[in-house]
$ cat work24.cif   # mmCIF, C-alpha atoms and all ligand atoms
data_data
loop_
_atom_site.label_atom_id
_atom_site.label_comp_id
_atom_site.auth_asym_id
_atom_site.auth_seq_id
_atom_site.Cartn_x
_atom_site.Cartn_y
_atom_site.Cartn_z
CA MET A 37 -3.55 -25.77 1.51
CA ARG A 38 -0.66 -26.07 3.95
CA THR A 39 -1.66 -27.69 7.25
CA ALA A 40 -1.40 -25.64 10.44
CA LYS A 41 1.60 -27.73 11.49
CA ASP A 42 3.52 -26.91 8.31
CA PHE A 43 2.43 -23.32 7.82
CA PHE A 44 5.24 -21.81 9.88
CA ALA A 45 7.93 -24.31 8.89
CA PRO A 46 10.75 -23.00 6.67
CA LEU A 47 10.28 -24.11 3.04
CA ALA A 48 13.96 -25.00 2.56
CA VAL A 49 16.54 -26.52 4.87
CA GLY A 50 18.58 -23.65 6.28
CA ALA A 51 16.04 -20.92 5.46
CA PRO A 52 15.04 -18.58 8.31
CA ALA A 53 11.88 -19.41 10.26
CA PRO A 54 8.87 -17.45 8.97
CA VAL A 55 7.58 -14.63 11.15
CA ARG A 56 4.48 -15.39 13.24
CA GLU A 57 3.13 -11.86 13.00
CA ILE A 58 3.75 -9.16 10.42
CA PRO A 59 5.48 -6.28 12.20
CA ALA A 60 3.53 -3.00 12.23
CA ARG A 61 6.18 -0.76 10.69
CA PRO A 62 5.29 2.70 9.34
CA SER A 63 4.60 2.53 5.60
CA ARG A 64 2.52 5.61 4.84
CA ALA A 65 4.31 6.23 1.53
CA ILE A 66 5.86 3.46 -0.54
CA HIS A 67 8.05 5.67 -2.69
CA PHE A 68 8.88 4.30 -6.15
CA PHE A 69 12.16 5.08 -7.86
CA ASP A 70 13.88 3.60 -10.89
CA PRO A 71 17.29 2.42 -9.66
CA GLY A 72 18.60 2.61 -13.25
CA ASN A 73 17.75 6.30 -13.57
CA PRO A 74 20.89 8.16 -12.40
CA LYS A 75 18.97 11.27 -11.26
CA MET A 76 16.52 9.26 -9.15
CA ALA A 77 19.20 6.91 -7.83
CA ALA A 78 21.32 9.87 -6.71
CA LYS A 79 18.43 11.16 -4.57
CA VAL A 80 17.92 7.92 -2.64
CA PRO A 81 20.48 8.44 0.18
CA ASP A 82 19.01 11.86 1.02
CA MET A 83 15.47 10.46 1.03
CA VAL A 84 16.30 8.02 3.83
CA GLY A 85 14.44 9.13 6.96
CA THR A 86 12.04 11.35 4.99
CA VAL A 87 9.86 8.49 3.76
CA ASP A 88 8.75 5.24 5.37
CA VAL A 89 9.49 2.95 2.40
CA LEU A 90 11.89 3.34 -0.52
CA LEU A 91 11.04 0.90 -3.31
CA GLY A 92 13.37 0.19 -6.21
CA ASN A 93 11.03 -0.54 -9.09
CA LEU A 94 12.08 -3.06 -11.73
CA GLU A 95 8.69 -3.68 -13.38
CA ASP A 96 6.38 -1.39 -15.38
CA ALA A 97 7.78 2.12 -15.99
CA VAL A 98 11.25 0.61 -16.57
CA LYS A 99 11.89 0.18 -20.29
CA ALA A 100 12.59 -3.39 -21.47
CA GLU A 101 16.07 -2.41 -22.65
CA ASN A 102 16.90 -0.99 -19.18
CA LYS A 103 15.78 -3.93 -17.04
CA GLU A 104 19.32 -5.14 -16.37
CA ILE A 105 20.68 -1.65 -15.71
CA SER A 106 17.90 -1.07 -13.17
CA ARG A 107 18.55 -4.41 -11.48
CA GLU A 108 22.29 -3.64 -11.25
CA GLY A 109 21.48 -0.15 -9.97
CA LEU A 110 19.30 -1.66 -7.26
CA VAL A 111 22.08 -3.99 -6.13
CA LYS A 112 24.48 -1.04 -5.88
CA ILE A 113 21.98 1.04 -3.91
CA GLY A 114 21.21 -1.89 -1.62
CA ARG A 115 24.88 -2.39 -0.88
CA ASP A 116 25.88 1.28 -0.51
CA VAL A 117 22.96 2.91 1.30
CA ASP A 118 22.31 2.72 5.03
CA PHE A 119 18.51 2.74 5.17
CA GLY A 120 18.25 3.54 8.88
CA PRO A 121 14.58 3.74 9.87
CA THR A 122 13.36 3.59 6.26
CA GLN A 123 12.27 0.23 4.85
CA PHE A 124 13.88 -0.97 1.64
CA TRP A 125 11.56 -2.77 -0.80
CA THR A 126 11.68 -3.75 -4.44
CA ARG A 127 9.04 -4.49 -7.07
CA ILE A 128 10.21 -7.40 -9.20
CA ASN A 129 9.00 -8.11 -12.72
CA SER A 130 5.87 -10.20 -13.15
CA LEU A 131 6.11 -13.96 -12.77
CA ASP A 132 5.44 -14.59 -16.48
CA SER A 133 8.13 -12.16 -17.63
CA PRO A 134 11.59 -13.04 -18.97
CA TRP A 135 13.27 -11.01 -16.19
CA VAL A 136 11.81 -12.22 -12.91
CA LEU A 137 14.00 -15.28 -12.36
CA ASP A 138 17.14 -13.18 -12.76
CA ASP A 139 15.60 -10.51 -10.51
CA LEU A 140 15.19 -12.98 -7.66
CA THR A 141 18.36 -15.00 -8.15
CA THR A 142 20.42 -11.80 -8.35
CA LEU A 143 18.79 -9.73 -5.61
CA VAL A 144 18.49 -12.28 -2.81
CA PRO A 145 22.17 -13.31 -2.69
CA ALA A 146 23.39 -9.74 -3.31
CA ILE A 147 21.14 -7.65 -1.06
CA GLY A 148 18.69 -10.11 0.55
CA ASP A 149 19.96 -9.09 3.98
CA LYS A 150 18.90 -5.48 3.26
CA LEU A 151 15.55 -6.09 1.54
CA ASP A 152 12.54 -5.95 3.84
CA VAL A 153 9.81 -6.72 1.32
CA ILE A 154 9.50 -7.92 -2.28
CA MET A 155 6.46 -6.62 -4.12
CA VAL A 156 5.08 -9.14 -6.62
CA PRO A 157 2.96 -7.70 -9.44
CA LYS A 158 -0.06 -9.22 -11.19
CA VAL A 159 -0.63 -11.93 -8.59
CA GLN A 160 -3.43 -14.21 -9.76
CA GLY A 161 -3.85 -16.61 -6.89
CA ALA A 162 -2.21 -18.47 -4.01
CA GLU A 163 -0.12 -20.49 -6.48
CA ASP A 164 1.90 -17.39 -7.41
CA ILE A 165 2.71 -16.70 -3.76
CA HIS A 166 3.61 -20.37 -3.17
CA TYR A 167 6.08 -20.21 -6.06
CA VAL A 168 7.82 -17.07 -4.76
CA ASP A 169 7.68 -18.35 -1.18
CA ARG A 170 9.56 -21.58 -1.97
CA LEU A 171 12.07 -19.91 -4.25
CA LEU A 172 12.82 -17.23 -1.65
CA ALA A 173 13.35 -19.91 1.00
CA GLN A 174 15.82 -21.75 -1.25
CA LEU A 175 17.69 -18.55 -2.10
CA GLU A 176 17.73 -17.35 1.51
CA ALA A 177 19.11 -20.72 2.65
CA LYS A 178 21.82 -20.65 -0.01
CA ALA A 179 22.79 -17.07 0.82
CA GLY A 180 22.69 -17.58 4.60
CA ILE A 181 20.02 -14.90 5.09
CA THR A 182 18.75 -14.91 8.66
CA LYS A 183 15.65 -12.68 8.43
CA PRO A 184 12.87 -13.82 6.09
CA ILE A 185 12.07 -11.43 3.24
CA LEU A 186 8.37 -10.60 3.23
CA ILE A 187 6.05 -10.61 0.20
CA HIS A 188 3.66 -7.87 -0.87
CA ALA A 189 1.18 -8.63 -3.68
CA ILE A 190 -0.36 -6.18 -6.12
CA LEU A 191 -4.07 -6.70 -6.71
CA GLU A 192 -4.34 -5.84 -10.38
CA THR A 193 -6.09 -8.64 -12.22
CA ALA A 194 -9.70 -9.77 -12.13
CA ARG A 195 -8.56 -13.26 -11.09
CA GLY A 196 -6.45 -11.77 -8.31
CA VAL A 197 -9.48 -9.89 -6.99
CA ALA A 198 -11.58 -13.06 -7.12
CA ASN A 199 -8.83 -14.86 -5.15
CA VAL A 200 -7.85 -12.07 -2.80
CA GLU A 201 -8.58 -13.97 0.43
CA GLU A 202 -6.46 -16.98 -0.55
CA ILE A 203 -3.64 -14.68 -1.70
CA CYS A 204 -3.55 -12.95 1.69
CA GLY A 205 -3.39 -16.29 3.50
CA ALA A 206 -1.01 -18.08 1.13
CA SER A 207 2.17 -17.66 3.19
CA PRO A 208 3.37 -16.31 6.53
CA ARG A 209 5.55 -14.02 4.41
CA MET A 210 2.50 -12.09 3.20
CA GLN A 211 3.04 -8.52 4.44
CA GLY A 212 0.24 -6.79 2.56
CA ILE A 213 -1.55 -5.97 -0.66
CA SER A 214 -1.72 -2.85 -2.83
CA LEU A 215 -4.52 -1.99 -5.22
CA GLY A 216 -3.10 -1.63 -8.74
CA PRO A 217 -5.85 0.35 -10.50
CA ALA A 218 -4.06 0.79 -13.84
CA ASP A 219 -3.48 -2.86 -14.68
CA LEU A 220 -6.72 -3.87 -13.01
CA ALA A 221 -8.67 -1.48 -15.24
CA ALA A 222 -7.07 -2.98 -18.35
CA ASP A 223 -7.59 -6.56 -17.19
CA ARG A 224 -11.24 -5.92 -16.38
CA ARG A 225 -11.77 -4.08 -19.67
CA MET A 226 -12.85 -0.95 -17.83
CA LYS A 227 -13.14 2.05 -20.19
CA THR A 228 -10.75 4.33 -18.35
CA THR A 229 -7.36 5.54 -19.58
CA ARG A 230 -5.84 6.74 -16.29
CA VAL A 231 -3.53 5.56 -13.53
CA GLY A 232 -5.90 5.44 -10.56
CA GLY A 233 -8.16 8.15 -9.26
CA GLY A 234 -11.74 8.84 -10.20
CA HIS A 235 -13.51 9.45 -13.50
CA PRO A 236 -15.97 12.27 -14.26
CA GLY A 237 -18.18 9.92 -16.26
CA TYR A 238 -18.77 7.54 -13.34
CA LEU A 239 -21.52 9.44 -11.58
CA VAL A 240 -24.99 9.59 -10.11
CA ARG A 241 -27.30 12.41 -11.22
CA GLN A 242 -29.96 14.05 -9.11
CA ASP A 243 -33.54 13.16 -10.08
CA ALA A 244 -35.27 15.52 -12.54
CA PRO A 245 -37.63 17.92 -10.72
CA ALA A 246 -41.36 17.30 -11.09
CA LEU A 247 -43.33 19.85 -13.16
CA ALA A 248 -46.53 21.46 -11.78
CA GLU A 249 -48.46 20.32 -14.85
CA GLY A 250 -47.22 16.76 -14.37
CA GLY A 251 -44.20 14.95 -15.72
CA TYR A 252 -40.57 15.92 -15.14
CA ASP A 253 -38.18 18.64 -16.32
CA PHE A 254 -35.29 16.76 -17.91
CA THR A 255 -33.76 19.92 -19.40
CA GLY A 256 -32.52 21.88 -16.36
CA GLN A 257 -29.28 21.70 -14.42
CA ARG A 258 -29.10 18.83 -11.94
CA ALA A 259 -26.47 18.08 -9.37
CA ILE A 260 -24.12 15.24 -10.18
CA PHE A 261 -22.02 13.29 -7.73
CA GLN A 262 -18.90 11.57 -8.96
CA GLN A 263 -18.66 8.02 -7.63
CA ASP A 264 -15.65 5.99 -6.56
CA LEU A 265 -14.67 3.39 -9.18
CA TRP A 266 -12.45 1.56 -6.69
CA HIS A 267 -14.75 1.24 -3.72
CA TYR A 268 -15.70 -2.40 -4.25
CA THR A 269 -12.16 -3.61 -4.79
CA MET A 270 -10.73 -1.55 -1.95
CA ALA A 271 -13.34 -2.90 0.44
CA ARG A 272 -12.65 -6.51 -0.56
CA MET A 273 -8.93 -5.96 -0.24
CA VAL A 274 -9.16 -4.30 3.18
CA ASP A 275 -11.37 -7.08 4.57
CA ALA A 276 -9.13 -9.82 3.18
CA CYS A 277 -6.01 -8.15 4.63
CA ALA A 278 -7.60 -7.53 8.03
CA MET A 279 -8.83 -11.12 8.17
CA HIS A 280 -5.25 -12.34 7.71
CA GLY A 281 -3.50 -9.76 9.89
CA ILE A 282 -1.69 -8.09 6.98
CA TYR A 283 -1.74 -4.53 5.61
CA ALA A 284 -3.75 -2.88 2.82
CA TYR A 285 -2.53 -0.01 0.61
CA TYR A 286 -3.88 2.17 -2.15
CA GLY A 287 -1.49 2.05 -5.13
CA PRO A 288 -0.56 4.70 -7.71
CA PHE A 289 -2.17 8.07 -8.41
CA GLY A 290 -0.85 9.08 -11.82
CA ASP A 291 -2.07 12.68 -12.01
CA ILE A 292 1.05 14.03 -10.28
CA LYS A 293 0.03 17.70 -10.64
CA ASP A 294 -3.41 17.16 -9.08
CA THR A 295 -2.24 17.04 -5.48
CA VAL A 296 -5.75 17.81 -4.22
CA ALA A 297 -7.39 14.78 -5.83
CA CYS A 298 -4.41 12.66 -4.82
CA GLU A 299 -4.96 13.66 -1.22
CA ASP A 300 -8.67 12.78 -1.52
CA GLN A 301 -7.88 9.36 -2.98
CA PHE A 302 -5.34 8.65 -0.24
CA ARG A 303 -7.74 9.85 2.47
CA ASN A 304 -10.50 7.55 1.23
CA ALA A 305 -8.02 4.69 1.51
CA PHE A 306 -6.95 5.77 5.01
CA LEU A 307 -10.55 6.01 6.23
CA MET A 308 -11.37 2.62 4.78
CA GLY A 309 -8.51 0.87 6.59
CA CYS A 310 -5.38 1.21 4.45
CA VAL A 311 -2.08 2.10 6.13
CA GLY A 312 -0.43 3.75 3.14
CA ALA A 313 -0.27 4.43 -0.60
CA TRP A 314 2.34 4.61 -3.35
CA SER A 315 4.29 7.75 -4.10
CA LEU A 316 5.43 8.07 -7.70
CA HIS A 317 6.96 11.52 -7.38
CA PRO A 318 8.59 13.23 -4.37
CA VAL A 319 5.59 15.58 -4.13
CA GLN A 320 3.35 12.65 -3.17
CA ILE A 321 5.44 11.63 -0.13
CA LYS A 322 4.29 14.64 1.86
CA ILE A 323 0.67 13.96 0.93
CA ALA A 324 0.85 10.34 2.08
CA ASN A 325 2.71 11.22 5.29
CA LYS A 326 0.02 13.74 6.14
CA VAL A 327 -3.02 11.69 5.21
CA PHE A 328 -1.95 8.37 6.74
CA SER A 329 -0.95 9.96 10.07
CA PRO A 330 -3.96 10.41 12.37
CA SER A 331 -4.73 14.11 12.78
CA VAL A 332 -4.12 15.83 16.11
CA GLU A 333 -7.89 16.37 16.42
CA ASP A 334 -8.62 12.67 15.88
CA VAL A 335 -5.97 11.58 18.37
CA LYS A 336 -7.26 14.07 20.93
CA HIS A 337 -10.82 12.87 20.51
CA ALA A 338 -9.74 9.22 20.66
CA ARG A 339 -7.79 9.79 23.87
CA ARG A 340 -10.80 11.55 25.43
CA VAL A 341 -13.09 8.65 24.59
CA ILE A 342 -10.59 6.13 25.96
CA ALA A 343 -10.22 8.14 29.18
CA ALA A 344 -13.99 8.53 29.55
CA MET A 345 -14.65 4.84 28.94
CA GLY A 346 -12.52 3.56 31.84
CA ASP A 347 -12.24 -0.22 31.43
CA GLY A 348 -13.65 0.09 27.89
CA THR A 349 -17.10 -1.35 28.61
CA GLY A 350 -20.51 0.25 29.01
CA ALA A 351 -21.81 3.47 27.48
CA VAL A 352 -21.12 7.16 28.18
CA MET A 353 -22.22 10.47 26.65
CA LEU A 354 -19.43 12.73 25.36
CA ASP A 355 -20.21 16.01 23.55
CA GLY A 356 -23.77 14.80 23.05
CA LYS A 357 -22.73 11.52 21.44
CA MET A 358 -22.97 7.99 22.74
CA GLU A 359 -19.67 6.14 23.10
CA ASP A 360 -19.43 2.46 23.96
CA ASP A 361 -17.26 -0.67 23.67
CA ALA A 362 -17.24 -0.47 19.87
CA SER A 363 -16.35 3.20 19.54
CA VAL A 364 -13.58 2.86 22.13
CA LYS A 365 -12.09 0.06 20.00
CA GLN A 366 -12.02 2.40 16.99
CA CYS A 367 -10.36 5.03 19.15
CA LYS A 368 -7.71 2.52 20.20
CA VAL A 369 -6.96 1.75 16.53
CA MET A 370 -6.36 5.48 16.01
CA VAL A 371 -4.21 5.93 19.13
CA ASP A 372 -2.16 2.76 18.50
CA LEU A 373 -1.40 3.91 14.95
CA ALA A 374 -0.44 7.36 16.20
CA GLU A 375 1.97 5.82 18.72
CA GLU A 376 3.54 3.49 16.14
CA LEU A 377 4.15 6.37 13.74
CA ALA A 378 5.35 8.78 16.43
CA ALA A 379 8.00 6.27 17.52
CA ASN A 380 9.72 6.87 14.15
CA ASP A 381 8.72 10.47 13.46
CA PRO A 382 9.91 13.07 16.02
CA GLU A 383 7.85 15.89 14.41
CA LEU A 384 4.66 13.86 14.72
CA LYS A 385 5.59 12.80 18.25
CA ALA A 386 5.96 16.44 19.30
CA LYS A 387 2.49 17.21 17.89
CA TYR A 388 0.85 14.28 19.66
CA ASP A 389 2.76 14.95 22.92
CA ALA A 390 1.41 18.52 22.94
CA ILE A 391 -2.21 17.32 22.99
CA VAL A 392 -4.00 18.22 26.22
CA VAL A 393 -7.01 16.03 26.90
CA ASP A 394 -9.65 18.09 28.73
C1 LIG B 1 0.94 1.83 -12.76
C2 LIG B 1 2.29 1.67 -12.03
O1 LIG B 1 2.94 0.64 -12.12
S1 LIG B 1 2.84 2.99 -11.11
C3 LIG B 1 4.48 2.56 -10.65
C4 LIG B 1 5.48 2.71 -11.77
N1 LIG B 1 5.75 4.08 -12.10
C5 LIG B 1 6.75 4.72 -11.52
O2 LIG B 1 7.49 4.16 -10.71
C6 LIG B 1 6.95 6.18 -11.89
C7 LIG B 1 7.99 6.85 -11.02
N2 LIG B 1 8.06 8.25 -11.29
C8 LIG B 1 8.62 8.75 -12.42
O3 LIG B 1 9.08 8.02 -13.28
C9 LIG B 1 8.67 10.27 -12.56
O4 LIG B 1 8.32 10.87 -11.35
C10 LIG B 1 7.73 10.84 -13.66
C11 LIG B 1 8.06 10.25 -15.03
C12 LIG B 1 6.27 10.53 -13.32
C13 LIG B 1 7.92 12.36 -13.66
O5 LIG B 1 9.29 12.60 -13.79
P1 LIG B 1 9.84 14.06 -14.16
O6 LIG B 1 9.11 14.56 -15.38
O7 LIG B 1 11.32 13.99 -14.21
O8 LIG B 1 9.33 14.89 -12.92
P2 LIG B 1 9.93 16.27 -12.41
O9 LIG B 1 10.52 17.05 -13.53
O10 LIG B 1 8.85 16.93 -11.62
O11 LIG B 1 11.07 15.81 -11.41
C14 LIG B 1 11.70 16.70 -10.55
C15 LIG B 1 12.92 16.04 -9.97
O12 LIG B 1 12.50 14.93 -9.14
C16 LIG B 1 13.10 13.74 -9.60
N3 LIG B 1 12.13 12.66 -9.46
C17 LIG B 1 10.97 12.49 -10.14
N4 LIG B 1 10.36 11.38 -9.74
C18 LIG B 1 11.15 10.84 -8.78
C19 LIG B 1 11.04 9.67 -8.01
N5 LIG B 1 10.02 8.84 -8.14
N6 LIG B 1 12.01 9.42 -7.10
C20 LIG B 1 13.06 10.25 -6.96
N7 LIG B 1 13.23 11.36 -7.70
C21 LIG B 1 12.28 11.66 -8.60
C22 LIG B 1 13.47 13.99 -11.05
O13 LIG B 1 14.52 13.15 -11.46
C23 LIG B 1 13.85 15.45 -11.02
O14 LIG B 1 15.18 15.53 -10.55
P3 LIG B 1 16.12 16.82 -10.88
O15 LIG B 1 15.52 17.96 -10.12
O16 LIG B 1 17.45 16.41 -10.36
O17 LIG B 1 16.06 17.02 -12.36
O1 LIG B 2 0.98 -1.42 -10.78
C1 LIG B 2 0.06 -0.71 -10.53
C2 LIG B 2 -1.07 -0.54 -11.38
O2 LIG B 2 -1.93 0.28 -11.03
O3 LIG B 2 -1.12 -1.23 -12.41
MG MG B 3 0.57 -2.61 -12.55
#

$ encode --input "work24.cif" --output "structure tokens"
Amino acid sequence: MRTAKDFFAPLAVGAPAPVREIPARPSRAIHFFDPGNPKMAAKVPDMVGTVDVLLGNLEDAVKAENKEISREGLVKIGRDVDFGPTQFWTRINSLDSPWVLDDLTTLVPAIGDKLDVIMVPKVQGAEDIHYVDRLLAQLEAKAGITKPILIHAILETARGVANVEEICGASPRMQGISLGPADLAADRRMKTTRVGGGHPGYLVRQDAPALAEGGYDFTGQRAIFQQDLWHYTMARMVDACAMHGIYAYYGPFGDIKDTVACEDQFRNAFLMGCVGAWSLHPVQIKIANKVFSPSVEDVKHARRVIAAMGDGTGAVMLDGKMEDDASVKQCKVMVDLAEELAANDPELKAKYDAIVVD
């Protein structure tokens, strides 16, 4: 463990000083594109401003034979595109892969001044973050980068989940964590074959009705309720992130056509404390932007509670419900998020500005 004195010291002479607080920048959708795919790459400039994060993916979903083409494509995009209000991230290859060293030693000197965040897959523990942290500091120093590149870890191994708290606190560069349900399922030997989302077999069934003559009727129809396979991991991830002042995200939802279930999955994440989710296809950007922006109704209610609560202490009745210090804090979380997002999103700002608190 790094001592408090050393925690915020640069890890290489000449590297920029680490940030003391992770900036709260909008990141409702982290949109994945393959920078080596000419069709996707061509769309990137026009996507700027329509999505909070554009992420050039170099890891899974890029064929082994295309790794170098994708890396070169990312360098070109990083150099040519003005990202304006949109963040520019990349997902590098995993730390045990033959590509990751070239990913980092190419990207940092070439486009390190443009990259906001590097997403590191299959993080197992603090040692993985320490490795990337030191290497980034050395590369930043060599390249004369003045703003530290932040690190985002994917939680997608059983060991990573067991070590999630230490991963979150491993470096002041830690920006956040995403749940990676596809790799996590494989690593845990779960018996699913999907990229995120629920499973119809993971359910709770209503009790069998009792028969008048005694015993139970096991033959009739009974209601079933599908359960959330990811609840435990999401909850651990959200707590670990909140404890360390960093941000939690739901990862991929692979059933691109099922926009309804995607929205549900994203909303569960939003309600539980996540600030965003991945978008694998342009259709998912809209879903994430909608779900991870507080609704007009929620903002209105939150503003009413804040107004009614005065200095934020005590208890009041509003619409038949008790509000007190704790509920006003929740309302402030909602209103603060709304304000952060509205600062970058004129359409959302107009909606929130039109709210009349009665
Ligand atoms: C478990 C994990 O690691 S998840 C993260 C890794 N996976 C990814 O990054 C996947 C990224 N997404 C994709 O590869 C693609 O969206 C696919 C393969 C899922 C679907 O691709 P397609 O079958 O081409 O989808 P579709 O036909 O609907 O595409 C419509 C248009 O949108 C484009 N498009 C599709 N996905 C994207 C994207 N992510 N970004 C930008 N443009 C895209 C297509 O190129 C196509 O362009 P065109 O109209 O000029 O022909
Ligand atoms: O990388 C993401 C995953 O779900 O695996
Ligand atoms: Mg993965």

$ residues_near_ligand --input "work24.cif" --ligand "ligand LIG 2 (chain B)" --cutoff "10 Å" --atoms "only C-alpha atoms and all ligand atoms" --output "MDAnalysis selection string"
chainID A and resid 95:97 127 156:158 190:193 214:223 230:232 286:290 314

$ residues_around --input "work24.cif" --residues "Gly212 of chain A" --least-positions-apart "6" --cutoff "8 Å" --atoms "only C-alpha atoms" --output "list in words"
Ile187, His188, Ala189, Cys204, Cys277, Ile282, Tyr283, Ala284 and Tyr285 of chain A

$ write_last_selection --input "work24.cif" --atoms "C-alpha atoms" --output "PDB file, in the coordinates of the input"
ATOM      1  CA  ILE A 187       6.050 -10.610   0.200  1.00  0.00           C
ATOM      2  CA  HIS A 188       3.660  -7.870  -0.870  1.00  0.00           C
ATOM      3  CA  ALA A 189       1.180  -8.630  -3.680  1.00  0.00           C
ATOM      4  CA  CYS A 204      -3.550 -12.950   1.690  1.00  0.00           C
ATOM      5  CA  CYS A 277      -6.010  -8.150   4.630  1.00  0.00           C
ATOM      6  CA  ILE A 282      -1.690  -8.090   6.980  1.00  0.00           C
ATOM      7  CA  TYR A 283      -1.740  -4.530   5.610  1.00  0.00           C
ATOM      8  CA  ALA A 284      -3.750  -2.880   2.820  1.00  0.00           C
ATOM      9  CA  TYR A 285      -2.530  -0.010   0.610  1.00  0.00           C
TER      10      TYR A 285
END

$ closest_residue --input "work24.cif" --among "A:Ala162, A:Val111, A:Val84, A:Gln174" --to "Lys150 of chain A" --atoms "only C-alpha atoms"
A:Val111

$ closest_residue --input "work24.cif" --among "A:Glu163, A:Asp291, A:Asp275, A:Glu57" --to "ligand LIG 1 (chain B)" --atoms "only C-alpha atoms and all ligand atoms"
A:Asp291

$ atom_distance --input "work24.cif" --atom1 "atom CA of His267 of chain A" --atom2 "atom CA of Ile203 of chain A"
19.5 Å

$ residues_around --input "work24.cif" --residues "Asn73 of chain A" --least-positions-apart "4" --cutoff "9 Å" --atoms "all atoms listed in the file" --output "ChimeraX atom specification"
/A:69,77-78,105-106,109

$ atom_distance --input "work24.cif" --atom1 "atom CA of Pro54 of chain A" --atom2 "atom CA of Asp164 of chain A"
17.8 Å

$ atom_distance --input "work24.cif" --atom1 "atom CA of Met76 of chain A" --atom2 "atom CA of Ser130 of chain A"
22.5 Å

$ closest_residue --input "work24.cif" --among "A:Ile128, A:Gly148, A:Val87, A:Lys336" --to "Arg115 of chain A" --atoms "all atoms listed in the file"
A:Gly148

$ residues_around --input "work24.cif" --residues "Asp152 of chain A" --least-positions-apart "6" --cutoff "12 Å" --atoms "only C-alpha atoms" --output "VMD selection string"
chain A and resid 58 to 59 61 63 88 to 92 114 119 121 to 127 143 to 144 181 to 188 209 to 211

$ write_last_selection --input "work24.cif" --atoms "C-alpha atoms" --output "PDB file, keeping the file's coordinate frame"
ATOM      1  CA  ILE A  58       3.750  -9.160  10.420  1.00  0.00           C
ATOM      2  CA  PRO A  59       5.480  -6.280  12.200  1.00  0.00           C
ATOM      3  CA  ARG A  61       6.180  -0.760  10.690  1.00  0.00           C
ATOM      4  CA  SER A  63       4.600   2.530   5.600  1.00  0.00           C
ATOM      5  CA  ASP A  88       8.750   5.240   5.370  1.00  0.00           C
ATOM      6  CA  VAL A  89       9.490   2.950   2.400  1.00  0.00           C
ATOM      7  CA  LEU A  90      11.890   3.340  -0.520  1.00  0.00           C
ATOM      8  CA  LEU A  91      11.040   0.900  -3.310  1.00  0.00           C
ATOM      9  CA  GLY A  92      13.370   0.190  -6.210  1.00  0.00           C
ATOM     10  CA  GLY A 114      21.210  -1.890  -1.620  1.00  0.00           C
ATOM     11  CA  PHE A 119      18.510   2.740   5.170  1.00  0.00           C
ATOM     12  CA  PRO A 121      14.580   3.740   9.870  1.00  0.00           C
ATOM     13  CA  THR A 122      13.360   3.590   6.260  1.00  0.00           C
ATOM     14  CA  GLN A 123      12.270   0.230   4.850  1.00  0.00           C
ATOM     15  CA  PHE A 124      13.880  -0.970   1.640  1.00  0.00           C
ATOM     16  CA  TRP A 125      11.560  -2.770  -0.800  1.00  0.00           C
ATOM     17  CA  THR A 126      11.680  -3.750  -4.440  1.00  0.00           C
ATOM     18  CA  ARG A 127       9.040  -4.490  -7.070  1.00  0.00           C
ATOM     19  CA  LEU A 143      18.790  -9.730  -5.610  1.00  0.00           C
ATOM     20  CA  VAL A 144      18.490 -12.280  -2.810  1.00  0.00           C
ATOM     21  CA  ILE A 181      20.020 -14.900   5.090  1.00  0.00           C
ATOM     22  CA  THR A 182      18.750 -14.910   8.660  1.00  0.00           C
ATOM     23  CA  LYS A 183      15.650 -12.680   8.430  1.00  0.00           C
ATOM     24  CA  PRO A 184      12.870 -13.820   6.090  1.00  0.00           C
ATOM     25  CA  ILE A 185      12.070 -11.430   3.240  1.00  0.00           C
ATOM     26  CA  LEU A 186       8.370 -10.600   3.230  1.00  0.00           C
ATOM     27  CA  ILE A 187       6.050 -10.610   0.200  1.00  0.00           C
ATOM     28  CA  HIS A 188       3.660  -7.870  -0.870  1.00  0.00           C
ATOM     29  CA  ARG A 209       5.550 -14.020   4.410  1.00  0.00           C
ATOM     30  CA  MET A 210       2.500 -12.090   3.200  1.00  0.00           C
ATOM     31  CA  GLN A 211       3.040  -8.520   4.440  1.00  0.00           C
TER      32      GLN A 211
END

$ closest_residue --input "work24.cif" --among "A:Thr141, A:Ala146, A:Gly196, A:Glu375" --to "Ala173 of chain A" --atoms "all atoms listed in the file"
A:Thr141

$ closest_residue --input "work24.cif" --among "A:Thr255, A:Ser207, A:Ser315, A:Thr295" --to "ligand LIG 1 (chain B)" --atoms "only C-alpha atoms and all ligand atoms"
A:Ser315

$ residues_around --input "work24.cif" --residues "segment 340-345 of chain A" --least-positions-apart "2" --cutoff "12 Å" --atoms "only C-alpha atoms" --output "ChimeraX atom specification"
/A:333-338,347-355,357-372,391-394

$ closest_residue --input "work24.cif" --among "A:Cys310, A:Val136, A:Ala374, A:Ala324" --to "Lys387 of chain A" --atoms "all atoms listed in the file"
A:Ala374

$ axis_aligned_box --input "work24.cif" --around "ligand LIG 1 (chain B)" --padding-each-side "3 Å" --output "JSON"
{"center_x": 9.2, "center_y": 9.3, "center_z": -11.2, "size_x": 22.5, "size_y": 23.3, "size_z": 14.4}
